[in-house]
Amino acid sequence: MHTNHRITPLALAALAWIVFADNAHAQPATAAGNEQADVQALMAQLETLKANYAQEVRRLRELDMQVQAMQARLSGKAGGVAQQGPPLPPEPARAPATATAGAEGGYASSAAEAQQAKHAARRSVDDVKQQQQALFSRRFTVENSLTYARYDRKQLTLNGFLALDAIFLGNIGIENVESDSLTYNLAARWGVSPNLTVNMDVPWVARRTVYQKGGAGGSAAAVAEEETSGNGIGDIGLSANYRLFGERGWKPETVLTAGVTAPTGREPYGVDWTVLERDDDDYIRFAVPKEQPTGNGVWQANVGLSIVKTADPAILFANAGYIHSFEASFDDLDGNPDTVNPGDVKLGGSYYFGAGVAFAFNERTSLSISFSDKLSARASTRYRNGQWMKVIGSDANAATFNLGVTYALNQKTTLVSLLGIGLTPDAPDFTLAFKVPYML
């Protein structure tokens, strides 16, 4: 049987209401999904922009340094410290979260931070260069330094002969010399031009030496001891630094140094002696100088070459040079207190060299590690109307291992501490120095 279905107006209204309700529920869910997708897309774009921004800032920093270096070379100021160039673009507005992310990421997140980092690194490099050669950008610098050195030498002296290849007949003397020296140095550095500086060093030296000699009175068990001291102005030095080449690419900054040292200190020749022990035949067994010298008594000239290469965060440096001593005459060369023998002295030439590396930890602090050595030839003496004779034992090889720390106290003042450890018998056992350069 066929049944006719009739759609009434009421049924149509009910069907319309059902469709509307379904659309009303589906539309909020669709809108929420679209908004979530939009947020994720915006976050991805933000991260991409932040990464691109950091790269552009680093590129701006590199280009700014290159422009400054080129401008400095064109104006005759290559190497050393680059002069101020055009400022970087101003820092754009950004959210605090971006700044934190940039700082934690290890890169400058703004142009201002890049400029600040450049100046910070520059200060650490400046302090290292000031100690290794010269800093040509500083107009005038006054440096106060205090250095302590410790020497301890022991020597066994045999005066006799060996019998039956086993028994020594004679006197056995053990000599020990302990010396402490304190040197205060006042230095002035003046930048005459962008490539030339002149320096003056005025030292004041205080020495204390203890002499000990075994075998006093002919007895090996007896020990005689005497202490002497001396203080006064040392040998004043004048020098100049000339920059041959500035640092460019793989080429290091190269500086030529030349100077002269005047014998303004008390010389070690013709000093008065104190006799502590004589033999029955008036042979002097133990005598010490009454006063310690503060200089070497001769004019000296030196010439050297130093190089510095920055390889962030390391700074490589090396130097080498030669010291020539001129001949000088004195009223007495003999170490015997009972005689006076005038004559001439010619100290042996000295070669020195060294190398090391420094690390700039931050804008204030740097650490340096280096090795230095000084080789001195034998000295010669000539009594009046006599011939030149080599002084046995006057040659020396003084090698030192050095550790240094620089700390910038403020914009004009730096504290430098240096520890030197002697590696050979001719070098001091250790040296400890403190320097305070002040830039006016």
# chains A, B, ... in the order shown; residues from 1 in each chain; ligands from 1
>>> select_by_dssp(residues="region 177-395 of chain A", states="strand (DSSP E)", output="ChimeraX atom specification")
/A:177-193,196-214,223-233,237-245,253-261,273-278,284-289,300-311,314-325,328-330,343-346,350-360,365-376,380-383,389-390
>>> residues_around(residues="region 251-265 of chain A", least_positions_apart="2", cutoff="8 Å", atoms="only C-alpha atoms", output="PyMOL selection string")
chain A and resi 79-80+133+232-249+267+293-310
>>> residues_around(residues="Ala427 (chain A)", least_positions_apart="5", cutoff="8 Å", atoms="only C-alpha atoms", output="number ranges by chain")
A: 397-400, 422
>>> closest_residue(among="A:Tyr438, A:Phe430, A:Tyr53, A:Phe359", to="Asp180 (chain A)", atoms="only C-alpha atoms")
A:Phe430
>>> residues_around(residues="Asn185 (chain A)", least_positions_apart="6", cutoff="12 Å", atoms="only C-alpha atoms", output="list in words")
Val142, Glu143, Asn144, Ser145, Leu146, Thr147, Tyr148, Met200, Asp201, Val202, Pro203, Trp204, Val205, Ala206, Gly232, Ile233, Gly234, Asp235, Ile236, Gly237, Ala433, Phe434, Lys435, Val436 and Pro437 of chain A
